[in-house]
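Working notes, structure below.
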Amino acid sequence: MRRAILLWRRFAIADRHWRKLAKFVGLFSMCCFLAISCGDRPGMNQSTDPTRISIGTTAKIRTIDPADAYENTAGMLLYNLGDRLYTYESGTSTLKPQLATALPQISPDGVTYTIPLRPGVVYHDGTPFNAETMKFSLQRFMENGGAPSSLLSNIVESIQASGEYELTIKLKQSFAAFPDLLTFSGLVAVSPTAYQIGSGQFKPDTFVGTGPYKLVSYGTDTIKLDVFEDYWGEKPVNTGIDIQRFSSPANVYNSFRRGAVDLTYGTLDLDQISSLEKQAPSEGWQVISNRSNAIYVLTLNMNDEALKKLEVRQAIASIIDRPLLQQRIFQGQMEPLYSLIPTTLERYYQPVFKDKYGDGNFAQAKQLLAQAGYTPENPLQLQLWYRSNLRTNADVATTIKALAEQELGGAIQIELQSVEAATAYNNLDKGVYSMFILDWTPDFFDPDNYINPFLSCAKGSVETGCEEGESKLWGSFYYSDRVNQLIARQRQEQNPETRLQIFTELQQILAEDVPFIPLWQGKEYLFARQGIQGATLESTQAVPFWTLKK
């Protein structure tokens, strides 16, 4: 969601004459190539080469320029087209070097990172890779002003090529999660021969990096990747990837069933996923599922007169029945979530909302509402907002309303309201919405990227709420001196055990103060035809193309 907000604002500032148009397309692919036609004629572009792999998707891709790409589908392409300094061991969240040759050496004050680089690497255009080209790539990411640029520019003070194959990065202040940040999809090495540094200097439909595949075709309905023969690492076991873009999930579903595509990932509806799962044993299809890193939360506006009362926020937390939502709406295709930190970060995850509120604890909710002065004779009246383009969010809102009004004997009345997504993102920090169902996909795989984006506030007070900062951006306006101090401490703390203790306390405060209510954590599904080998979903939900083989 925060990515959507950043993208929307960037476009609105860039050209205010296009404001009405941008409100609709800021998130959903302004200046992109529209995915049309191919979906209605399944298999029309399928390669006759039996060693190539075809993937079906409905994704609309705004750009694949790593300095500007901030959407998940673009990130998946960059994951397979390029290399970063660090990545993760397959199936784990353990960092390993990629273009680096070792984990960074960190100065005692936690500010300076010295990174040894891999020799013998070349870009897709033949340009040699070294520290200067890696410096160029990171500088370009920061200076060109793309949607994700602040991820690095807010943290990095300077980058130097301290040797032909050594990079020295100095931070503005210590940041313990920095090595994990360096795995972000856009922080790939790009050829200085093919790109330029300069505000707005982007190439949305080309890519020249160092990865196992090179981009050979970027069309309106098909993207083609060929194996990069001079790749420094393990070569792909296929000869290339054909990504076919369809006009609807139904067309992807039918094309997969008919064998027009070998794999599909992340584009099907709930009913289509359930159907493929049921048919898999008889058809021989592979169903690979994994917990998603995306989380869904209920934002509570703490500037709302009723929601200023702690008992009211705690009562709403008691009402939520996640297992019921899992069964009734999602057909088992989600997991209940009881913290802002997801279960995929198992070491840090604390189910604090389950421990404190449970699920559907209506007796507790009645008691809390009564303490706040709300009864059937004087009911609490609130609005619950959701994005109009998401059917499941509408179903969740309807279920929460029905349960609350049915089980609390009229002590609460909830009015449902929907709004188009881009309009919502533009109005959240204005305090327009009392409660809103929103989602978040992290930029990098560390608990900091689930806590800081929600709870931190740069300026404000308990009395006024957050006036500048992340919690205002989400429409919560939460402010806590203690939380701000703890966030700053964990960002500077290099000891993993101490960081763990800090995140435990932060989650406990979250459950006590209730500025957000965690709802559910998604599940990702990868479907592969019979005979496809090497289909995997990594812990970061990335799909490695190079392991796929017929």
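Residues in the structure tokens are numbered from 1 in each chain, the chains being A, B, ... in the order shown, and ligands are numbered from 1 in the order shown.
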
Test item: residues at most 7 Å from Val261 (chain A), only C-alpha atoms, excluding those fewer than 4 positions along its chain, as a list in words
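The neighbour list is Gly43, Ser54, Ile55, Gly56, Ser255 and Phe256 of chain A.
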
Only N, CA and C atoms, please: the residues just picked out, written as a JSON list (two decimals), in the first residue's frame.
```
[["chain", "number", "residue", "atom", "x", "y", "z"],
["A", 43, "GLY", "N", -2.12, -18.99, -25.95],
["A", 43, "GLY", "CA", -1.06, -19.74, -26.60],
["A", 43, "GLY", "C", -0.60, -19.18, -27.92],
["A", 54, "SER", "N", 7.15, -21.15, -20.56],
["A", 54, "SER", "CA", 6.17, -20.09, -20.73],
["A", 54, "SER", "C", 5.42, -19.86, -19.42],
["A", 55, "ILE", "N", 5.24, -18.58, -19.09],
["A", 55, "ILE", "CA", 4.59, -18.18, -17.84],
["A", 55, "ILE", "C", 3.43, -17.26, -18.19],
["A", 56, "GLY", "N", 2.26, -17.51, -17.62],
["A", 56, "GLY", "CA", 1.08, -16.69, -17.86],
["A", 56, "GLY", "C", 0.81, -15.74, -16.71],
["A", 255, "SER", "N", -5.84, -20.92, -20.07],
["A", 255, "SER", "CA", -4.62, -21.21, -20.81],
["A", 255, "SER", "C", -3.75, -22.22, -20.07],
["A", 256, "PHE", "N", -3.70, -22.10, -18.75],
["A", 256, "PHE", "CA", -2.92, -23.08, -17.98],
["A", 256, "PHE", "C", -3.56, -24.46, -18.07]]
```

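Across region 225-299 of chain A, DSSP run on the backbone finds helix (DSSP H, G or I) at Pro249, Ala250, Asn251, Val252, Tyr253, Asn254, Ser255, Phe256, Arg257, Arg258, Leu270, Asp271, Gln272, Ile273, Ser274, Ser275, Leu276, Glu277, Lys278, Gln279, Ala280, Pro281, Ser282 and Glu283 of chain A.
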
Saved selection, atoms kept: N, CA, C and O atoms, as a CSV table (one decimal), in the first residue's frame:
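Once written, result.csv looks like this:
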```csv
chain,number,residue,atom,x,y,z
A,249,PRO,N,-7.8,-12.9,-15.3
A,249,PRO,CA,-7.4,-14.1,-14.7
A,249,PRO,C,-8.1,-15.3,-15.3
A,249,PRO,O,-7.5,-16.4,-15.3
A,250,ALA,N,-9.3,-15.2,-15.8
A,250,ALA,CA,-10.0,-16.3,-16.5
A,250,ALA,C,-9.2,-16.8,-17.7
A,250,ALA,O,-9.1,-18.0,-17.9
A,251,ASN,N,-8.6,-15.9,-18.4
A,251,ASN,CA,-7.8,-16.3,-19.6
A,251,ASN,C,-6.5,-17.0,-19.2
A,251,ASN,O,-6.1,-18.0,-19.8
A,252,VAL,N,-5.9,-16.6,-18.1
A,252,VAL,CA,-4.7,-17.3,-17.6
A,252,VAL,C,-5.1,-18.7,-17.1
A,252,VAL,O,-4.5,-19.6,-17.4
A,253,TYR,N,-6.2,-18.7,-16.4
A,253,TYR,CA,-6.7,-20.0,-15.8
A,253,TYR,C,-7.0,-21.0,-17.0
A,253,TYR,O,-6.5,-22.2,-16.9
A,254,ASN,N,-7.7,-20.6,-18.0
A,254,ASN,CA,-8.0,-21.5,-19.1
A,254,ASN,C,-6.7,-21.9,-19.9
A,254,ASN,O,-6.6,-23.0,-20.3
A,255,SER,N,-5.8,-20.9,-20.1
A,255,SER,CA,-4.6,-21.2,-20.8
A,255,SER,C,-3.7,-22.2,-20.1
A,255,SER,O,-3.1,-23.1,-20.7
A,256,PHE,N,-3.7,-22.1,-18.8
A,256,PHE,CA,-2.9,-23.1,-18.0
A,256,PHE,C,-3.6,-24.5,-18.1
A,256,PHE,O,-2.9,-25.5,-18.3
A,257,ARG,N,-4.9,-24.5,-17.9
A,257,ARG,CA,-5.6,-25.8,-18.0
A,257,ARG,C,-5.4,-26.5,-19.3
A,257,ARG,O,-5.3,-27.7,-19.4
A,258,ARG,N,-5.3,-25.7,-20.4
A,258,ARG,CA,-5.2,-26.3,-21.8
A,258,ARG,C,-3.7,-26.6,-22.1
A,258,ARG,O,-3.5,-27.1,-23.2
A,270,LEU,N,-9.6,-16.4,-6.2
A,270,LEU,CA,-9.7,-17.4,-5.1
A,270,LEU,C,-10.4,-18.7,-5.7
A,270,LEU,O,-9.9,-19.8,-5.4
A,271,ASP,N,-11.5,-18.5,-6.4
A,271,ASP,CA,-12.2,-19.7,-6.9
A,271,ASP,C,-11.4,-20.5,-7.9
A,271,ASP,O,-11.4,-21.7,-8.0
A,272,GLN,N,-10.6,-19.8,-8.7
A,272,GLN,CA,-9.7,-20.4,-9.7
A,272,GLN,C,-8.6,-21.2,-9.0
A,272,GLN,O,-8.3,-22.3,-9.4
A,273,ILE,N,-8.0,-20.6,-8.0
A,273,ILE,CA,-7.0,-21.3,-7.2
A,273,ILE,C,-7.6,-22.6,-6.6
A,273,ILE,O,-7.0,-23.7,-6.7
A,274,SER,N,-8.8,-22.5,-6.0
A,274,SER,CA,-9.4,-23.7,-5.4
A,274,SER,C,-9.7,-24.7,-6.4
A,274,SER,O,-9.5,-25.9,-6.2
A,275,SER,N,-10.1,-24.3,-7.6
A,275,SER,CA,-10.4,-25.3,-8.7
A,275,SER,C,-9.2,-26.0,-9.1
A,275,SER,O,-9.2,-27.2,-9.3
A,276,LEU,N,-8.1,-25.3,-9.3
A,276,LEU,CA,-6.8,-25.9,-9.8
A,276,LEU,C,-6.3,-26.8,-8.7
A,276,LEU,O,-5.7,-27.9,-9.0
A,277,GLU,N,-6.4,-26.5,-7.4
A,277,GLU,CA,-6.0,-27.3,-6.3
A,277,GLU,C,-6.7,-28.6,-6.3
A,277,GLU,O,-6.2,-29.7,-6.1
A,278,LYS,N,-8.0,-28.6,-6.5
A,278,LYS,CA,-8.9,-29.8,-6.5
A,278,LYS,C,-8.6,-30.7,-7.7
A,278,LYS,O,-8.6,-31.9,-7.6
A,279,GLN,N,-8.3,-30.1,-8.9
A,279,GLN,CA,-8.0,-30.9,-10.1
A,279,GLN,C,-6.6,-31.4,-10.1
A,279,GLN,O,-6.3,-32.3,-10.9
A,280,ALA,N,-5.7,-30.8,-9.3
A,280,ALA,CA,-4.3,-31.2,-9.4
A,280,ALA,C,-4.0,-32.7,-9.3
A,280,ALA,O,-3.2,-33.2,-10.1
A,281,PRO,N,-4.6,-33.4,-8.3
A,281,PRO,CA,-4.2,-34.8,-8.2
A,281,PRO,C,-4.5,-35.6,-9.5
A,281,PRO,O,-3.7,-36.5,-9.9
A,282,SER,N,-5.7,-35.4,-10.1
A,282,SER,CA,-6.0,-36.1,-11.3
A,282,SER,C,-5.3,-35.6,-12.6
A,282,SER,O,-5.0,-36.4,-13.5
A,283,GLU,N,-5.0,-34.3,-12.6
A,283,GLU,CA,-4.3,-33.8,-13.8
A,283,GLU,C,-2.8,-33.8,-13.7
A,283,GLU,O,-2.1,-33.6,-14.7
```

Distance query region 184-187 of chain A at most 7 Å, only C-alpha atoms, self and fewer than 4 positions along chain excluded, as a compact mmCIF listing (two decimals) with C-alpha atoms, in the first residue's frame:
```
# COMPACT_ATOMS: atom_id res chain seq x y z
CA PRO A 66 15.41 -0.57 -11.56
CA ALA A 67 15.74 3.06 -10.45
CA ALA A 69 10.32 0.16 -10.57
CA GLY A 75 10.61 -6.78 -9.00
CA LEU A 78 14.55 -7.73 -12.02
CA TYR A 79 15.19 -10.63 -9.63
CA ARG A 84 22.43 -7.41 -6.35
CA LEU A 138 23.56 2.76 -6.59
CA ASP A 443 10.63 -3.47 0.58
CA PHE A 444 13.10 -5.82 2.25
```

Near region 419-431 of chain A, 12 Å: region 476-498 of chain A residue rows, closest pairs, only C-alpha atoms, as a Markdown table:
```
| residue | atom | partner | partner_atom | distance |
| --- | --- | --- | --- | --- |
| A:Ser476 | CA | A:Gly431 | CA | 7.9 |
| A:Phe477 | CA | A:Asp429 | CA | 8.0 |
| A:Tyr478 | CA | A:Asp429 | CA | 11.6 |
```

Generate a file of the selected residues that holds N, CA and C atoms, formatted as a short mmCIF file (atom, residue, chain, number, x, y, z; two decimals), in the first residue's frame.
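Output file part.cif is given in full below:
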```cif
data_model
loop_
_atom_site.label_atom_id
_atom_site.label_comp_id
_atom_site.auth_asym_id
_atom_site.auth_seq_id
_atom_site.Cartn_x
_atom_site.Cartn_y
_atom_site.Cartn_z
N SER A 476 -3.40 6.78 10.46
CA SER A 476 -3.60 6.42 11.86
C SER A 476 -3.29 7.58 12.78
N PHE A 477 -2.25 8.36 12.48
CA PHE A 477 -1.82 9.52 13.26
C PHE A 477 -1.34 9.12 14.67
N TYR A 478 -0.87 7.90 14.79
CA TYR A 478 -0.37 7.40 16.08
C TYR A 478 0.94 8.06 16.44
#
```

| said: If you run DSSP on the backbone here, which positions in region 95-304 of chain A get strand (DSSP E)? Please write them as a PyMOL selection string. | reply: chain A and resi 95-97+105-106+112-116+156-163+166-171+213-218+222-227+240-245+263-265+286-300

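Residues within 9 Å of Val543 (chain A), counting only C-alpha atoms and excluding same-chain residues fewer than 3 positions away, are Met76, Tyr79, Asn80, Tyr265, Leu526, Ala535, Thr536, Leu537, Glu538 and Thr540 of chain A.
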
How close does region 378-401 of chain A get to region 507-525 of chain A? List, as JSON lines, each residue of region 378-401 of chain A within 12 Å, its nearest atom pair and the distance in Å to one decimal, counting only C-alpha atoms.
```
{"residue": "A:Thr392", "atom": "CA", "partner": "A:Trp520", "partner_atom": "CA", "distance": 11.7}
{"residue": "A:Asn393", "atom": "CA", "partner": "A:Leu519", "partner_atom": "CA", "distance": 10.9}
{"residue": "A:Val396", "atom": "CA", "partner": "A:Leu519", "partner_atom": "CA", "distance": 9.7}
{"residue": "A:Ala397", "atom": "CA", "partner": "A:Leu519", "partner_atom": "CA", "distance": 11.3}
{"residue": "A:Ile400", "atom": "CA", "partner": "A:Leu519", "partner_atom": "CA", "distance": 11.1}
```

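One distance worth recording is that between CA of Phe246 (chain A) and CA of Val287 (chain A), which is 20.8 Å.
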
With only C-alpha atoms as the counted atoms, please give the residues lying no more than 7 Å from Val227 (chain A), apart from itself and same-chain residues fewer than 3 positions off, as a CSV table (one decimal) with C-alpha atoms, in the first residue's frame.
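Listing of around00.csv after writing:
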```csv
chain,number,residue,atom,x,y,z
A,212,PRO,CA,21.4,-15.1,-15.7
A,213,TYR,CA,18.9,-13.8,-18.4
A,214,LYS,CA,19.0,-10.9,-20.8
A,236,PRO,CA,19.9,-21.6,-16.2
A,239,THR,CA,17.1,-21.8,-22.8
A,240,GLY,CA,14.8,-18.9,-22.1
```

Neighbours of Gln371 (chain A) within 10 Å (only C-alpha atoms; same-chain residues fewer than 4 positions away dropped), as a list of chain:residue names?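 These residues fall inside the cut-off: A:Lys309, A:Glu311, A:Val312, A:Ala365, A:Lys366, A:Gln367, A:Thr375.
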
Dump all heavy atoms for the selected residues as an mmCIF file, in the first residue's frame?
```
data_model
loop_
_atom_site.group_PDB
_atom_site.id
_atom_site.type_symbol
_atom_site.label_atom_id
_atom_site.label_comp_id
_atom_site.auth_asym_id
_atom_site.auth_seq_id
_atom_site.Cartn_x
_atom_site.Cartn_y
_atom_site.Cartn_z
ATOM 1 N N LYS A 309 -10.487 6.987 22.209
ATOM 2 C CA LYS A 309 -10.655 6.219 23.441
ATOM 3 C C LYS A 309 -10.013 4.843 23.281
ATOM 4 O O LYS A 309 -10.367 4.087 22.377
ATOM 5 C CB LYS A 309 -12.139 6.074 23.775
ATOM 6 C CG LYS A 309 -12.852 7.404 23.987
ATOM 7 C CD LYS A 309 -14.327 7.203 24.266
ATOM 8 C CE LYS A 309 -15.051 8.527 24.465
ATOM 9 N NZ LYS A 309 -16.506 8.342 24.713
ATOM 10 N N GLU A 311 -10.356 2.176 25.024
ATOM 11 C CA GLU A 311 -11.296 1.064 25.182
ATOM 12 C C GLU A 311 -12.023 0.752 23.878
ATOM 13 O O GLU A 311 -12.326 -0.411 23.592
ATOM 14 C CB GLU A 311 -12.333 1.376 26.282
ATOM 15 C CG GLU A 311 -11.759 1.523 27.666
ATOM 16 C CD GLU A 311 -11.301 2.936 27.961
ATOM 17 O OE1 GLU A 311 -11.319 3.778 27.027
ATOM 18 O OE2 GLU A 311 -10.928 3.204 29.118
ATOM 19 N N VAL A 312 -12.303 1.796 23.082
ATOM 20 C CA VAL A 312 -12.985 1.580 21.804
ATOM 21 C C VAL A 312 -12.077 0.811 20.845
ATOM 22 O O VAL A 312 -12.509 -0.153 20.199
ATOM 23 C CB VAL A 312 -13.417 2.926 21.187
ATOM 24 C CG1 VAL A 312 -13.902 2.722 19.747
ATOM 25 C CG2 VAL A 312 -14.517 3.558 22.030
ATOM 26 N N ALA A 365 -15.506 -7.344 24.232
ATOM 27 C CA ALA A 365 -15.834 -6.139 23.468
ATOM 28 C C ALA A 365 -16.976 -5.367 24.123
ATOM 29 O O ALA A 365 -16.933 -4.129 24.230
ATOM 30 C CB ALA A 365 -16.191 -6.506 22.031
ATOM 31 N N LYS A 366 -18.017 -6.071 24.591
ATOM 32 C CA LYS A 366 -19.138 -5.406 25.266
ATOM 33 C C LYS A 366 -18.669 -4.665 26.509
ATOM 34 O O LYS A 366 -19.065 -3.522 26.766
ATOM 35 C CB LYS A 366 -20.196 -6.448 25.657
ATOM 36 C CG LYS A 366 -21.076 -6.926 24.529
ATOM 37 C CD LYS A 366 -22.117 -7.901 25.067
ATOM 38 C CE LYS A 366 -23.018 -8.413 23.955
ATOM 39 N NZ LYS A 366 -24.027 -9.375 24.468
ATOM 40 N N GLN A 367 -17.817 -5.339 27.283
ATOM 41 C CA GLN A 367 -17.322 -4.744 28.512
ATOM 42 C C GLN A 367 -16.511 -3.488 28.227
ATOM 43 O O GLN A 367 -16.679 -2.454 28.890
ATOM 44 C CB GLN A 367 -16.476 -5.757 29.275
ATOM 45 C CG GLN A 367 -15.943 -5.258 30.596
ATOM 46 C CD GLN A 367 -15.100 -6.300 31.319
ATOM 47 O OE1 GLN A 367 -14.908 -7.409 30.822
ATOM 48 N NE2 GLN A 367 -14.606 -5.959 32.491
ATOM 49 N N THR A 375 -23.509 1.821 24.786
ATOM 50 C CA THR A 375 -24.478 0.768 25.091
ATOM 51 C C THR A 375 -25.494 0.705 23.958
ATOM 52 O O THR A 375 -25.470 1.567 23.054
ATOM 53 C CB THR A 375 -25.206 1.095 26.407
ATOM 54 O OG1 THR A 375 -25.962 2.316 26.209
ATOM 55 C CG2 THR A 375 -24.215 1.266 27.564
#
```

May I have the residues within 8 Å of Thr206 (chain A) as JSON, numbers by chain, using only C-alpha atoms and disregarding those fewer than 6 positions away in the same chain? {"A": [64, 65, 215, 218]}

Judged by only C-alpha atoms, the minimum distance to Gln173 (chain A) among A:Met302, A:Ile115, A:Ala488, A:Ile451 is found for A:Ala488

TODO: Would you work out the distance separating CA of Tyr231 (chain A) from CA of Phe545 (chain A), expressed in Å to one decimal?
DONE: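 For CA of Tyr231 (chain A) relative to CA of Phe545 (chain A), the distance reads 14.4 Å.
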
Which residue, A:Pro379, A:Tyr113, A:Ala131, A:Arg291, has the smallest gap to Glu405 (chain A) when you use only C-alpha atoms?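 Answer, going by the shortest atom-to-atom distance: A:Pro379.
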